[in-house]
file entry21.txt (compact mmCIF, C-alpha atoms)
# COMPACT_ATOMS: atom_id res chain seq x y z
CA MET A 1 -22.54 0.67 -13.71
CA THR A 2 -21.96 -3.06 -13.73
CA SER A 3 -20.32 -5.24 -11.12
CA ASN A 4 -17.98 -7.99 -12.30
CA ALA A 5 -17.51 -9.50 -8.84
CA SER A 6 -20.06 -11.85 -7.37
CA ALA A 7 -19.61 -10.91 -3.68
CA SER A 8 -22.09 -8.33 -2.41
CA ILE A 9 -21.32 -5.32 -0.24
CA PRO A 10 -21.98 -6.31 3.40
CA ASP A 11 -24.39 -4.39 5.57
CA VAL A 12 -22.78 -1.78 7.82
CA HIS A 13 -23.71 -3.74 10.95
CA SER A 14 -22.98 -7.22 9.62
CA GLU A 15 -20.35 -9.53 11.06
CA PHE A 16 -16.94 -8.88 9.53
CA LYS A 17 -16.09 -11.24 6.70
CA ILE A 18 -13.50 -10.74 4.00
CA VAL A 19 -15.39 -10.84 0.70
CA SER A 20 -12.60 -11.90 -1.67
CA ILE A 21 -8.92 -12.74 -1.74
CA LEU A 22 -8.69 -9.90 -4.27
CA ASP A 23 -9.67 -7.35 -1.62
CA THR A 24 -6.08 -6.17 -1.25
CA ASP A 25 -3.49 -4.20 -3.19
CA LEU A 26 -2.20 -5.61 -6.47
CA TYR A 27 1.41 -5.33 -5.34
CA LYS A 28 0.88 -8.06 -2.74
CA PHE A 29 0.23 -10.50 -5.59
CA THR A 30 3.13 -9.25 -7.72
CA MET A 31 5.30 -9.56 -4.62
CA GLN A 32 4.02 -13.05 -3.94
CA GLN A 33 4.83 -14.18 -7.48
CA ALA A 34 8.38 -12.78 -7.13
CA ILE A 35 8.79 -14.64 -3.82
CA PHE A 36 7.34 -17.77 -5.45
CA GLU A 37 10.01 -17.43 -8.14
CA TYR A 38 13.07 -16.55 -6.04
CA TYR A 39 12.55 -17.11 -2.28
CA PRO A 40 9.91 -19.83 -1.79
CA THR A 41 11.48 -21.22 1.40
CA ALA A 42 12.36 -17.94 3.17
CA LYS A 43 10.78 -17.54 6.61
CA VAL A 44 9.79 -14.13 7.92
CA VAL A 45 8.23 -12.16 10.73
CA TYR A 46 6.00 -9.16 10.02
CA LYS A 47 5.50 -6.63 12.81
CA PHE A 48 2.76 -4.08 13.46
CA THR A 49 3.49 -0.46 14.40
CA HIS A 50 1.01 2.14 15.62
CA ARG A 51 2.65 5.49 14.93
CA ASP A 52 0.20 7.45 17.07
CA LYS A 53 1.52 6.45 20.51
CA HIS A 54 -1.12 8.45 22.37
CA ARG A 55 -4.08 6.72 20.76
CA ARG A 56 -5.37 3.56 22.44
CA PHE A 57 -7.37 0.54 21.39
CA SER A 58 -10.21 -0.87 23.44
CA ARG A 59 -10.01 -4.46 24.63
CA ALA A 60 -13.36 -5.15 22.91
CA CYS A 61 -11.98 -3.84 19.61
CA ILE A 62 -8.99 -6.17 19.75
CA GLU A 63 -11.16 -9.14 20.71
CA LYS A 64 -13.38 -8.49 17.70
CA PHE A 65 -10.29 -8.14 15.53
CA ARG A 66 -8.99 -11.49 16.78
CA GLU A 67 -12.36 -13.11 16.08
CA ALA A 68 -12.48 -11.61 12.57
CA LEU A 69 -9.23 -13.30 11.57
CA GLY A 70 -11.03 -16.63 11.37
CA SER A 71 -12.96 -15.49 8.31
CA PHE A 72 -9.75 -15.23 6.30
CA ALA A 73 -9.43 -19.03 6.19
CA ASP A 74 -12.57 -19.25 4.06
CA VAL A 75 -11.46 -17.16 1.07
CA GLN A 76 -9.81 -18.48 -2.07
CA LEU A 77 -9.22 -17.35 -5.63
CA THR A 78 -12.31 -18.26 -7.63
CA GLN A 79 -12.20 -19.35 -11.24
CA ASP A 80 -13.81 -16.09 -12.37
CA GLU A 81 -11.18 -14.13 -10.45
CA ARG A 82 -8.40 -16.19 -12.00
CA ILE A 83 -9.76 -15.54 -15.49
CA TRP A 84 -9.91 -11.81 -14.70
CA PHE A 85 -6.29 -11.86 -13.48
CA GLN A 86 -5.18 -13.71 -16.61
CA ASP A 87 -6.88 -11.08 -18.79
CA LYS A 88 -5.83 -7.95 -16.88
CA CYS A 89 -2.40 -8.95 -15.54
CA LYS A 90 -0.70 -10.99 -18.23
CA TYR A 91 2.58 -11.02 -16.31
CA PHE A 92 1.15 -13.58 -13.89
CA LYS A 93 2.45 -17.00 -14.86
CA PRO A 94 0.11 -20.02 -14.95
CA GLU A 95 2.27 -21.76 -12.33
CA TYR A 96 1.81 -18.87 -9.94
CA LEU A 97 -1.93 -18.65 -10.54
CA ASP A 98 -2.14 -22.40 -9.85
CA TYR A 99 -0.42 -21.76 -6.53
CA LEU A 100 -2.63 -18.76 -5.76
CA GLN A 101 -5.77 -20.77 -6.48
CA SER A 102 -4.62 -23.40 -3.98
CA PHE A 103 -3.58 -20.76 -1.41
CA ARG A 104 -5.48 -20.44 1.87
CA PHE A 105 -4.82 -17.96 4.67
CA LYS A 106 -3.63 -19.57 7.89
CA PRO A 107 -4.96 -17.55 10.84
CA ASP A 108 -2.63 -19.38 13.22
CA GLN A 109 0.24 -17.47 11.59
CA ILE A 110 -1.05 -14.31 13.30
CA SER A 111 -0.45 -13.54 16.97
CA VAL A 112 -2.47 -10.74 18.60
CA THR A 113 -1.67 -9.55 22.13
CA PHE A 114 -3.64 -6.83 23.91
CA LEU A 115 -1.43 -4.77 26.24
CA PRO A 116 -3.64 -3.00 28.82
CA SER A 117 -2.84 0.50 30.05
CA PRO A 118 -1.90 0.85 33.74
CA ASP A 119 -4.74 3.32 34.34
CA ASP A 120 -7.46 1.41 32.46
CA PRO A 121 -7.32 -2.37 31.84
CA ASP A 122 -9.95 -2.10 29.10
CA MET A 123 -7.85 0.30 27.03
CA GLY A 124 -4.33 -0.16 25.73
CA SER A 125 -2.06 -0.99 22.80
CA VAL A 126 -1.73 -4.11 20.69
CA LYS A 127 1.14 -6.27 19.49
CA ILE A 128 0.54 -8.04 16.17
CA GLU A 129 2.93 -10.36 14.36
CA ALA A 130 2.69 -12.65 11.34
CA ARG A 131 5.13 -15.58 11.23
CA GLY A 132 5.73 -18.19 8.55
CA LEU A 133 6.91 -18.60 5.00
CA TRP A 134 7.35 -15.29 3.21
CA LEU A 135 5.42 -16.87 0.33
CA GLU A 136 2.37 -17.27 2.55
CA THR A 137 2.52 -14.39 5.00
CA VAL A 138 3.08 -11.76 2.30
CA LEU A 139 -0.68 -11.63 1.66
CA TRP A 140 -1.57 -10.79 5.29
CA GLU A 141 -0.29 -7.20 5.49
CA VAL A 142 -2.92 -5.13 3.68
CA PRO A 143 -6.13 -6.99 4.65
CA LEU A 144 -4.89 -7.30 8.23
CA MET A 145 -4.51 -3.53 8.49
CA ALA A 146 -7.84 -2.94 6.79
CA CYS A 147 -9.52 -5.37 9.19
CA LEU A 148 -7.98 -3.67 12.25
CA CYS A 149 -9.13 -0.24 11.02
CA GLU A 150 -12.64 -1.53 10.49
CA MET A 151 -12.80 -3.11 13.94
CA TYR A 152 -11.45 0.07 15.54
CA PHE A 153 -14.06 2.25 13.89
CA ARG A 154 -16.84 -0.19 14.76
CA TYR A 155 -15.99 -0.87 18.39
CA ALA A 156 -13.58 1.81 19.69
CA ASP A 157 -14.59 4.96 17.81
CA ASN A 158 -18.07 5.01 16.27
CA ASP A 159 -18.70 8.75 16.46
CA TRP A 160 -19.20 8.95 12.69
CA ASP A 161 -21.42 7.67 9.89
CA TYR A 162 -21.41 7.27 6.10
CA THR A 163 -23.31 10.48 5.40
CA GLY A 164 -22.07 12.07 2.17
CA GLN A 165 -19.12 9.75 1.56
CA GLU A 166 -19.92 8.99 -2.08
CA GLU A 167 -20.67 12.64 -2.82
CA GLN A 168 -17.46 13.72 -1.08
CA ALA A 169 -15.44 11.30 -3.22
CA MET A 170 -17.11 12.69 -6.33
CA ARG A 171 -16.19 16.26 -5.35
CA LYS A 172 -12.60 15.33 -4.59
CA ALA A 173 -12.19 13.42 -7.84
CA SER A 174 -13.72 16.27 -9.82
CA SER A 175 -11.31 18.77 -8.21
CA LEU A 176 -8.32 16.59 -9.10
CA LEU A 177 -9.55 16.14 -12.66
CA ASP A 178 -10.31 19.85 -13.07
CA SER A 179 -6.68 20.53 -12.07
CA ARG A 180 -5.43 17.89 -14.53
CA CYS A 181 -3.98 15.73 -11.76
CA THR A 182 -3.73 12.12 -12.93
CA PHE A 183 -4.47 9.92 -9.93
CA SER A 184 -5.16 6.40 -8.69
CA GLU A 185 -6.99 5.27 -5.56
CA PHE A 186 -4.55 3.71 -3.04
CA GLY A 187 -6.76 3.57 0.06
CA THR A 188 -7.16 -0.10 1.02
CA ARG A 189 -4.93 -0.48 4.06
CA ARG A 190 -6.14 2.43 6.16
CA ARG A 191 -9.72 2.67 4.91
CA ARG A 192 -12.43 3.21 7.50
CA SER A 193 -14.28 0.14 6.30
CA PHE A 194 -15.04 -1.99 3.28
CA VAL A 195 -18.33 -0.13 2.84
CA THR A 196 -16.46 3.18 2.83
CA HIS A 197 -14.12 1.90 0.16
CA ASP A 198 -17.00 0.86 -2.07
CA LEU A 199 -18.72 4.23 -1.68
CA VAL A 200 -15.49 6.07 -2.46
CA VAL A 201 -14.59 4.05 -5.56
CA ARG A 202 -18.17 4.36 -6.79
CA GLY A 203 -18.05 8.13 -6.29
CA ILE A 204 -14.71 8.50 -8.05
CA LYS A 205 -15.92 6.46 -10.99
CA LYS A 206 -19.08 8.55 -11.32
CA ALA A 207 -17.01 11.74 -11.33
CA ALA A 208 -14.52 10.31 -13.84
CA ASP A 209 -17.27 9.05 -16.15
CA ALA A 210 -18.91 12.49 -16.14
CA HIS A 211 -15.72 14.49 -16.63
CA GLU A 212 -14.48 15.72 -19.99
CA TRP A 213 -10.91 14.62 -19.21
CA LYS A 214 -11.12 10.84 -19.51
CA GLU A 215 -7.45 10.04 -18.85
CA GLY A 216 -7.27 11.55 -15.38
CA PHE A 217 -8.47 8.67 -13.19
CA PHE A 218 -5.96 5.91 -13.80
CA GLY A 219 -7.43 3.18 -11.59
CA THR A 220 -7.19 1.56 -8.17
CA SER A 221 -4.58 -0.50 -6.35
CA ASN A 222 -7.35 -2.76 -5.01
CA ALA A 223 -7.84 -5.81 -7.25
CA TYR A 224 -11.37 -6.53 -5.99
CA PHE A 225 -12.71 -3.06 -6.75
CA ALA A 226 -10.87 -2.98 -10.08
CA MET A 227 -12.74 -6.15 -11.03
CA ARG A 228 -16.04 -4.98 -9.53
CA TYR A 229 -16.07 -1.65 -11.37
CA ASP A 230 -14.03 -2.54 -14.47
CA LEU A 231 -11.09 -0.26 -13.63
CA ASN A 232 -7.37 -0.42 -14.25
CA VAL A 233 -5.57 -2.22 -11.42
CA VAL A 234 -2.26 -0.61 -10.53
CA GLY A 235 0.77 -1.45 -8.44
CA THR A 236 4.34 -2.62 -8.65
CA ILE A 237 7.26 -3.18 -6.27
CA ALA A 238 7.22 -2.87 -2.45
CA HIS A 239 9.57 -1.69 0.29
CA GLU A 240 9.66 -5.21 1.71
CA TRP A 241 11.25 -6.53 -1.51
CA PHE A 242 14.25 -4.28 -0.90
CA MET A 243 14.19 -4.91 2.86
CA GLY A 244 14.19 -8.70 2.59
CA ILE A 245 16.83 -8.92 -0.12
CA ALA A 246 19.04 -6.42 1.71
CA ALA A 247 18.93 -8.40 4.95
CA LEU A 248 19.65 -11.71 3.19
CA GLY A 249 22.62 -10.14 1.40
CA ASP A 250 23.98 -8.22 4.41
CA TYR A 251 23.00 -4.94 2.73
CA LYS A 252 25.49 -5.26 -0.14
CA ASP A 253 24.20 -4.11 -3.56
CA ALA A 254 20.69 -4.44 -2.15
CA ALA A 255 18.85 -2.02 -4.42
CA GLY A 256 20.59 -3.23 -7.57
CA THR A 257 19.90 -6.88 -6.76
CA ALA A 258 16.25 -6.18 -5.93
CA LEU A 259 15.69 -4.17 -9.10
CA ASP A 260 17.37 -6.71 -11.37
CA LEU A 261 15.51 -9.72 -9.99
CA TRP A 262 12.24 -7.83 -10.42
CA SER A 263 13.09 -6.74 -13.97
CA ASN A 264 14.07 -10.26 -14.96
CA LEU A 265 10.64 -11.47 -13.88
CA TYR A 266 8.38 -8.64 -15.05
CA ARG A 267 10.38 -6.98 -17.84
CA ASP A 268 8.65 -3.72 -18.79
CA SER A 269 5.27 -4.59 -17.25
CA LEU A 270 5.92 -3.31 -13.72
CA SER A 271 8.71 -0.76 -13.86
CA VAL A 272 7.81 1.83 -11.23
CA THR A 273 10.27 1.72 -8.35
CA LEU A 274 10.26 3.11 -4.84
CA THR A 275 13.45 4.95 -4.00
CA ASP A 276 13.30 5.50 -0.25
CA THR A 277 13.73 2.10 1.44
CA PHE A 278 17.23 3.07 2.58
CA SER A 279 16.90 6.72 1.48
CA THR A 280 16.72 8.07 -2.05
CA GLU A 281 20.36 9.16 -2.07
CA VAL A 282 21.51 5.61 -1.26
CA PHE A 283 19.18 4.26 -3.94
CA TYR A 284 20.63 6.57 -6.60
CA ARG A 285 24.12 5.15 -5.95
CA GLU A 286 22.97 1.81 -7.37
CA PHE A 287 20.50 3.22 -9.89
CA ASP A 288 23.05 3.30 -12.69
CA ASN A 289 22.53 4.22 -16.35
CA ARG A 290 21.25 0.79 -17.34
CA ARG A 291 18.69 0.65 -14.55
CA ALA A 292 17.68 4.31 -14.87
CA ASN A 293 17.00 3.74 -18.57
CA GLN A 294 15.16 0.50 -17.92
CA TRP A 295 12.76 1.65 -15.18
CA LYS A 296 9.99 3.94 -16.39
CA ALA A 297 9.10 5.80 -13.22
CA LEU A 298 10.08 6.64 -9.65
CA ARG A 299 7.71 6.64 -6.68
CA GLN A 300 8.04 9.23 -3.91
CA ASP A 301 6.74 7.87 -0.60
CA SER A 302 8.49 9.78 2.20
CA GLY A 303 10.41 12.97 2.92
CA ASP A 304 9.81 16.38 1.36
CA PRO A 305 7.95 15.78 -1.93
CA LYS A 306 8.87 19.21 -3.27
CA VAL A 307 12.57 18.36 -3.43
CA PHE A 308 12.00 15.00 -5.11
CA ALA A 309 11.36 16.04 -8.72
CA PRO A 310 14.25 18.54 -8.95
CA ARG A 311 16.60 15.91 -7.46
CA ALA A 312 15.31 13.24 -9.87
CA LYS A 313 15.79 15.63 -12.78
CA ARG A 314 19.40 16.15 -11.77
CA MET A 315 19.94 12.40 -11.36
CA TYR A 316 18.67 11.65 -14.87
CA GLU A 317 20.68 14.52 -16.37
CA GLU A 318 23.86 13.21 -14.71
CA ARG A 319 23.24 9.91 -16.55
CA GLY A 320 22.48 11.57 -19.88
CA ILE A 321 18.85 10.41 -19.80
CA ASP A 322 15.89 12.45 -21.05
CA TYR A 323 13.89 12.83 -17.84
CA THR A 324 10.86 14.14 -19.75
CA GLN A 325 10.32 10.54 -20.88
CA LYS A 326 10.21 9.37 -17.26
CA ALA A 327 7.53 9.83 -14.62
CA ILE A 328 7.12 10.33 -10.88
CA ILE A 329 4.33 8.82 -8.81
CA PHE A 330 3.72 10.66 -5.54
CA SER A 331 2.02 8.63 -2.79
CA ASP A 332 2.87 10.06 0.62
CA ALA A 333 -0.07 11.46 2.64
CA LEU A 334 -1.58 13.31 -0.28
CA ASP A 335 -4.59 15.58 -0.42
CA PHE A 336 -5.86 17.91 -3.15
CA LYS A 337 -3.66 20.85 -2.19
CA LYS A 338 -0.45 18.78 -2.17
CA ALA A 339 -1.31 17.03 -5.42
CA LYS A 340 -2.13 20.30 -7.21
CA GLU A 341 1.10 21.96 -6.07
CA LEU A 342 3.25 18.97 -7.03
CA ASN A 343 1.50 18.65 -10.38
CA GLU A 344 2.23 22.31 -11.14
CA GLN A 345 5.87 21.86 -10.13
CA CYS A 346 6.29 18.82 -12.39
CA GLN A 347 4.65 20.61 -15.29
CA LEU A 348 7.14 23.47 -14.95
CA LEU A 349 10.04 20.99 -14.81
CA GLY A 350 8.73 18.91 -17.70
CA PHE A 351 8.22 15.74 -15.66
CA LYS A 352 5.22 13.49 -16.14
CA CYS A 353 3.60 12.74 -12.79
CA SER A 354 0.64 11.06 -11.16
CA PHE A 355 -0.67 10.53 -7.65
CA GLY A 356 -1.53 7.48 -5.57
CA ILE A 357 -4.02 8.79 -3.02
CA GLY A 358 -5.14 6.72 -0.06
CA THR A 359 -6.33 7.86 3.36
CA TRP A 360 -7.61 11.25 2.18
CA LEU A 361 -10.08 9.35 0.02
CA THR A 362 -11.02 6.29 2.11
CA ASN A 363 -10.79 7.61 5.68
CA ASP A 364 -11.89 11.24 5.66
CA PHE A 365 -14.76 11.60 8.15
CA LYS A 366 -16.20 14.14 10.57
CA LYS A 367 -17.44 13.41 14.09
CA LYS A 368 -21.22 13.18 14.40
CA SER A 369 -21.07 14.70 17.90
CA SER A 370 -19.51 17.88 16.51
CA GLY A 371 -22.26 18.35 13.97
CA TYR A 372 -19.88 17.03 11.31
CA GLU A 373 -17.41 19.86 11.90
CA GLU A 374 -14.51 18.22 13.76
CA GLN A 375 -12.25 15.72 12.00
CA SER A 376 -12.58 12.05 12.95
CA LYS A 377 -8.94 11.04 12.86
CA ALA A 378 -7.77 8.03 10.83
CA LEU A 379 -5.41 5.43 12.29
CA ASN A 380 -1.73 5.82 11.44
CA ILE A 381 -0.62 2.18 11.33
CA VAL A 382 1.85 0.07 9.39
CA ILE A 383 2.91 -3.55 9.15
CA LYS A 384 6.49 -4.05 8.00
CA LEU A 385 8.86 -6.93 7.45
CA GLY A 386 10.66 -7.47 10.75
CA SER A 387 13.07 -10.27 9.91
CA ILE A 388 13.85 -12.84 7.23
CA ASP A 389 15.56 -16.15 7.93
CA GLY A 390 16.53 -14.79 11.34
CA LYS A 391 18.08 -11.57 9.99
CA GLU A 392 16.64 -8.25 11.09
CA CYS A 393 15.05 -6.04 8.42
CA VAL A 394 14.97 -2.25 8.51
CA LYS A 395 13.52 0.62 6.51
CA ILE A 396 15.26 3.97 6.68
CA SER A 397 13.09 6.09 4.35
CA ASP A 398 13.54 9.80 3.59
CA GLU A 399 11.71 10.77 6.80
CA ILE A 400 13.32 10.14 10.18
CA THR A 401 9.98 9.35 11.86
CA LYS A 402 9.36 6.53 9.38
CA ASN A 403 12.45 4.49 10.34
CA THR A 404 11.38 0.95 11.20
CA GLY A 405 13.37 -1.90 12.69
CA VAL A 406 15.50 -2.64 15.74
CA PRO A 407 17.29 0.65 16.59
CA GLU A 408 20.73 -1.00 16.82
CA VAL A 409 20.31 -2.54 13.36
CA VAL A 410 18.96 0.72 11.94
CA ALA A 411 22.11 2.45 13.25
CA LYS A 412 24.36 -0.23 11.71
CA VAL A 413 22.63 0.02 8.34
CA LYS A 414 22.91 3.81 8.40
CA GLU A 415 26.62 3.45 9.14
CA ALA A 416 27.07 0.94 6.33
CA TYR A 417 25.34 3.26 3.87
CA GLN A 418 27.07 6.34 5.30
CA ILE A 419 23.79 7.96 6.33
CA SER A 420 23.77 10.45 9.19
CA VAL A 421 22.57 8.73 12.37
CA SER A 422 21.29 11.98 13.91

call {"tool": "encode", "arguments": {"input": "entry21.txt", "output": "structure tokens"}}
result
Amino acid sequence: MTSNASASIPDVHSEFKIVSILDTDLYKFTMQQAIFEYYPTAKVVYKFTHRDKHRRFSRACIEKFREALGSFADVQLTQDERIWFQDKCKYFKPEYLDYLQSFRFKPDQISVTFLPSPDDPDMGSVKIEARGLWLETVLWEVPLMACLCEMYFRYADNDWDYTGQEEQAMRKASSLLDSRCTFSEFGTRRRRSFVTHDLVVRGIKKAADAHEWKEGFFGTSNAYFAMRYDLNVVGTIAHEWFMGIAALGDYKDAAGTALDLWSNLYRDSLSVTLTDTFSTEVFYREFDNRRANQWKALRQDSGDPKVFAPRAKRMYEERGIDYTQKAIIFSDALDFKKAKELNEQCQLLGFKCSFGIGTWLTNDFKKKSSGYEEQSKALNIVIKLGSIDGKECVKISDEITKNTGVPEVVAKVKEAYQISVS
């Protein structure tokens, strides 16, 4: 197994340092190029949300996180990485790659505030925001979350170790392949650590190389590990593309505008679309015959996954489109059982499908103190676009608990789209 990237895997106990600008999801770069093309002067605020309200951070963890941000200023796209991008992602324009090669993270764009608990000043919650040009701050989201997870599991919860992680990834990948589930690794943002991620990708690749079904492992969303292990790099459009464009346009024709701008830039190269930014039903209103024909696949990322394929089938049939030539990518909190059941459902319907699997692969650990019996729980965190050019952004999704944004604005958007506010 050869490594195409020059950066080495850091020691478990080493000081945190981001190893490459590519250590993030591909879609952050495709997003950045789209912003470079259409919205280079837009200013935004990204906001952090910890969905597990009962779980606290230690003050020491947040201090280490704050210190770690300084290392981001040192990374840049190397010439070897640029050549790899040019070879693997031909939709990146030379002008954008010139910009990306000159890009440097600006840690002063990030504000981190520790909020102590009344009963214990050394434990509490954290407020994190990124402010600046959308063009610049777009690259913070994924590595910022990955860094916070790593600091948490170094300094707030270290009742775990790396025992069996590569072997576990091999077993999981083999089970998916045995069940003919096509899958990609999507685990960057909530991974336990960079070391974990490397062990997991290495294990998946070993299982895929040894398996008789060679088409089953499609690749990884992480550009660094795709380069390191010579894998497909996968990714497309993001919720924030819809969120930002919707806010700028006062939520009129938001999905249609977002889809068309993206298609004009990427043509057929990146034609998998999320449907749930403002709910799938709202999305389908603007997903007319032309767009439904043009886009190759839908991505399910919230709500009940078992109702998604039958509803998509009906949507395509209403437009006179052969849905068997389309695909669905499931990516919401997947494990083997969910993937197997959804794969069987899609096979019965005649839909092509695949799975983007994240936390189950890169943050599945047991507590050492329990004799490796009790689950060591992953963090449930997100960073979402909060506002653009002073206008509040929201995400409705197909799951009520995943609504993000100022509640009053969420209610107004639901009213505008005629979505139940209950």

call {"tool": "residues_around", "arguments": {"input": "entry21.txt", "residues": "A:Lys337", "least_positions_apart": "4", "cutoff": "10 Å", "atoms": "all atoms listed in the file", "output": "CSV table (one decimal) with C-alpha atoms, in the coordinates of the input"}}
result
chain,number,residue,atom,x,y,z
A,175,SER,CA,-11.3,18.8,-8.2
A,176,LEU,CA,-8.3,16.6,-9.1
A,341,GLU,CA,1.1,22.0,-6.1
A,342,LEU,CA,3.2,19.0,-7.0
A,343,ASN,CA,1.5,18.6,-10.4

call {"tool": "residues_near_point", "arguments": {"input": "entry21.txt", "point": "(-1.0, -14.2, -9.0)", "cutoff": "9 Å", "atoms": "only C-alpha atoms", "output": "PyMOL selection string"}}
result
chain A and resi 28-33+82+85-86+89+91-101

call {"tool": "closest_residue", "arguments": {"input": "entry21.txt", "among": "A:Asn293, A:Thr324, A:Gln168, A:Asn363", "to": "A:His197", "atoms": "all atoms listed in the file"}}
result
A:Asn363

call {"tool": "residues_near_point", "arguments": {"input": "entry21.txt", "point": "(-16.6, 13.2, -8.1)", "cutoff": "6 Å", "atoms": "only C-alpha atoms", "output": "MDAnalysis selection string"}}
result
chainID A and resid 169:174 203:204 207

call {"tool": "residues_around", "arguments": {"input": "entry21.txt", "residues": "stretch 401-415 of chain A", "least_positions_apart": "2", "cutoff": "10 Å", "atoms": "all atoms listed in the file", "output": "MDAnalysis selection string"}}
result
chainID A and resid 47 49 51 246:247 250:251 277:279 282 302:303 382:387 391:399 417:422

call {"tool": "closest_residue", "arguments": {"input": "entry21.txt", "among": "A:Ser193, A:Asp25, A:Arg104, A:Trp262", "to": "A:Val142", "atoms": "only C-alpha atoms"}}
result
A:Asp25

call {"tool": "residues_around", "arguments": {"input": "entry21.txt", "residues": "A:Ile35", "least_positions_apart": "5", "cutoff": "8 Å", "atoms": "all atoms listed in the file", "output": "list in words"}}
result
Pro40, Trp134 and Leu135 of chain A

call {"tool": "atom_distance", "arguments": {"input": "entry21.txt", "atom1": "atom CA of A:Ile388", "atom2": "atom CA of A:Val44"}}
result
4.3 Å

call {"tool": "decode", "arguments": {"input": "entry21.txt", "residues": "stretch 287-292 of chain A", "atoms": "all heavy atoms", "output": "compact mmCIF listing (two decimals), in the first residue's frame"}}
result
# COMPACT_ATOMS: atom_id res chain seq x y z
N PHE A 287 -37.96 21.27 -8.20
CA PHE A 287 -37.20 20.25 -8.93
C PHE A 287 -38.03 19.79 -10.11
O PHE A 287 -38.59 18.70 -10.12
CB PHE A 287 -36.87 19.10 -7.98
CG PHE A 287 -35.72 18.23 -8.40
CD1 PHE A 287 -34.48 18.77 -8.69
CD2 PHE A 287 -35.87 16.85 -8.47
CE1 PHE A 287 -33.41 17.96 -9.06
CE2 PHE A 287 -34.81 16.03 -8.83
CZ PHE A 287 -33.58 16.59 -9.14
N ASP A 288 -38.10 20.65 -11.12
CA ASP A 288 -38.99 20.40 -12.26
C ASP A 288 -38.38 19.36 -13.20
O ASP A 288 -37.33 18.78 -12.94
CB ASP A 288 -39.27 21.71 -13.00
CG ASP A 288 -38.00 22.41 -13.46
OD1 ASP A 288 -36.93 21.76 -13.53
OD2 ASP A 288 -38.06 23.63 -13.74
N ASN A 289 -39.06 19.11 -14.32
CA ASN A 289 -38.62 18.07 -15.25
C ASN A 289 -37.19 18.27 -15.74
O ASN A 289 -36.40 17.33 -15.80
CB ASN A 289 -39.58 18.00 -16.45
CG ASN A 289 -40.88 17.32 -16.11
OD1 ASN A 289 -41.54 17.70 -15.14
ND2 ASN A 289 -41.26 16.31 -16.88
N ARG A 290 -36.87 19.52 -16.09
CA ARG A 290 -35.53 19.80 -16.60
C ARG A 290 -34.48 19.46 -15.55
O ARG A 290 -33.49 18.79 -15.86
CB ARG A 290 -35.43 21.27 -17.01
CG ARG A 290 -34.01 21.70 -17.42
CD ARG A 290 -33.95 23.15 -17.83
NE ARG A 290 -34.31 24.06 -16.75
CZ ARG A 290 -33.46 24.45 -15.79
NH1 ARG A 290 -32.22 23.99 -15.76
NH2 ARG A 290 -33.86 25.29 -14.85
N ARG A 291 -34.69 19.93 -14.35
CA ARG A 291 -33.70 19.70 -13.29
C ARG A 291 -33.67 18.23 -12.88
O ARG A 291 -32.60 17.67 -12.62
CB ARG A 291 -34.01 20.59 -12.09
CG ARG A 291 -33.83 22.08 -12.40
CD ARG A 291 -34.25 22.97 -11.26
NE ARG A 291 -34.10 24.38 -11.59
CZ ARG A 291 -35.06 25.29 -11.51
NH1 ARG A 291 -36.28 24.93 -11.09
NH2 ARG A 291 -34.82 26.55 -11.83
N ALA A 292 -34.83 17.60 -12.79
CA ALA A 292 -34.88 16.19 -12.39
C ALA A 292 -34.19 15.31 -13.43
O ALA A 292 -33.56 14.30 -13.07
CB ALA A 292 -36.32 15.74 -12.20
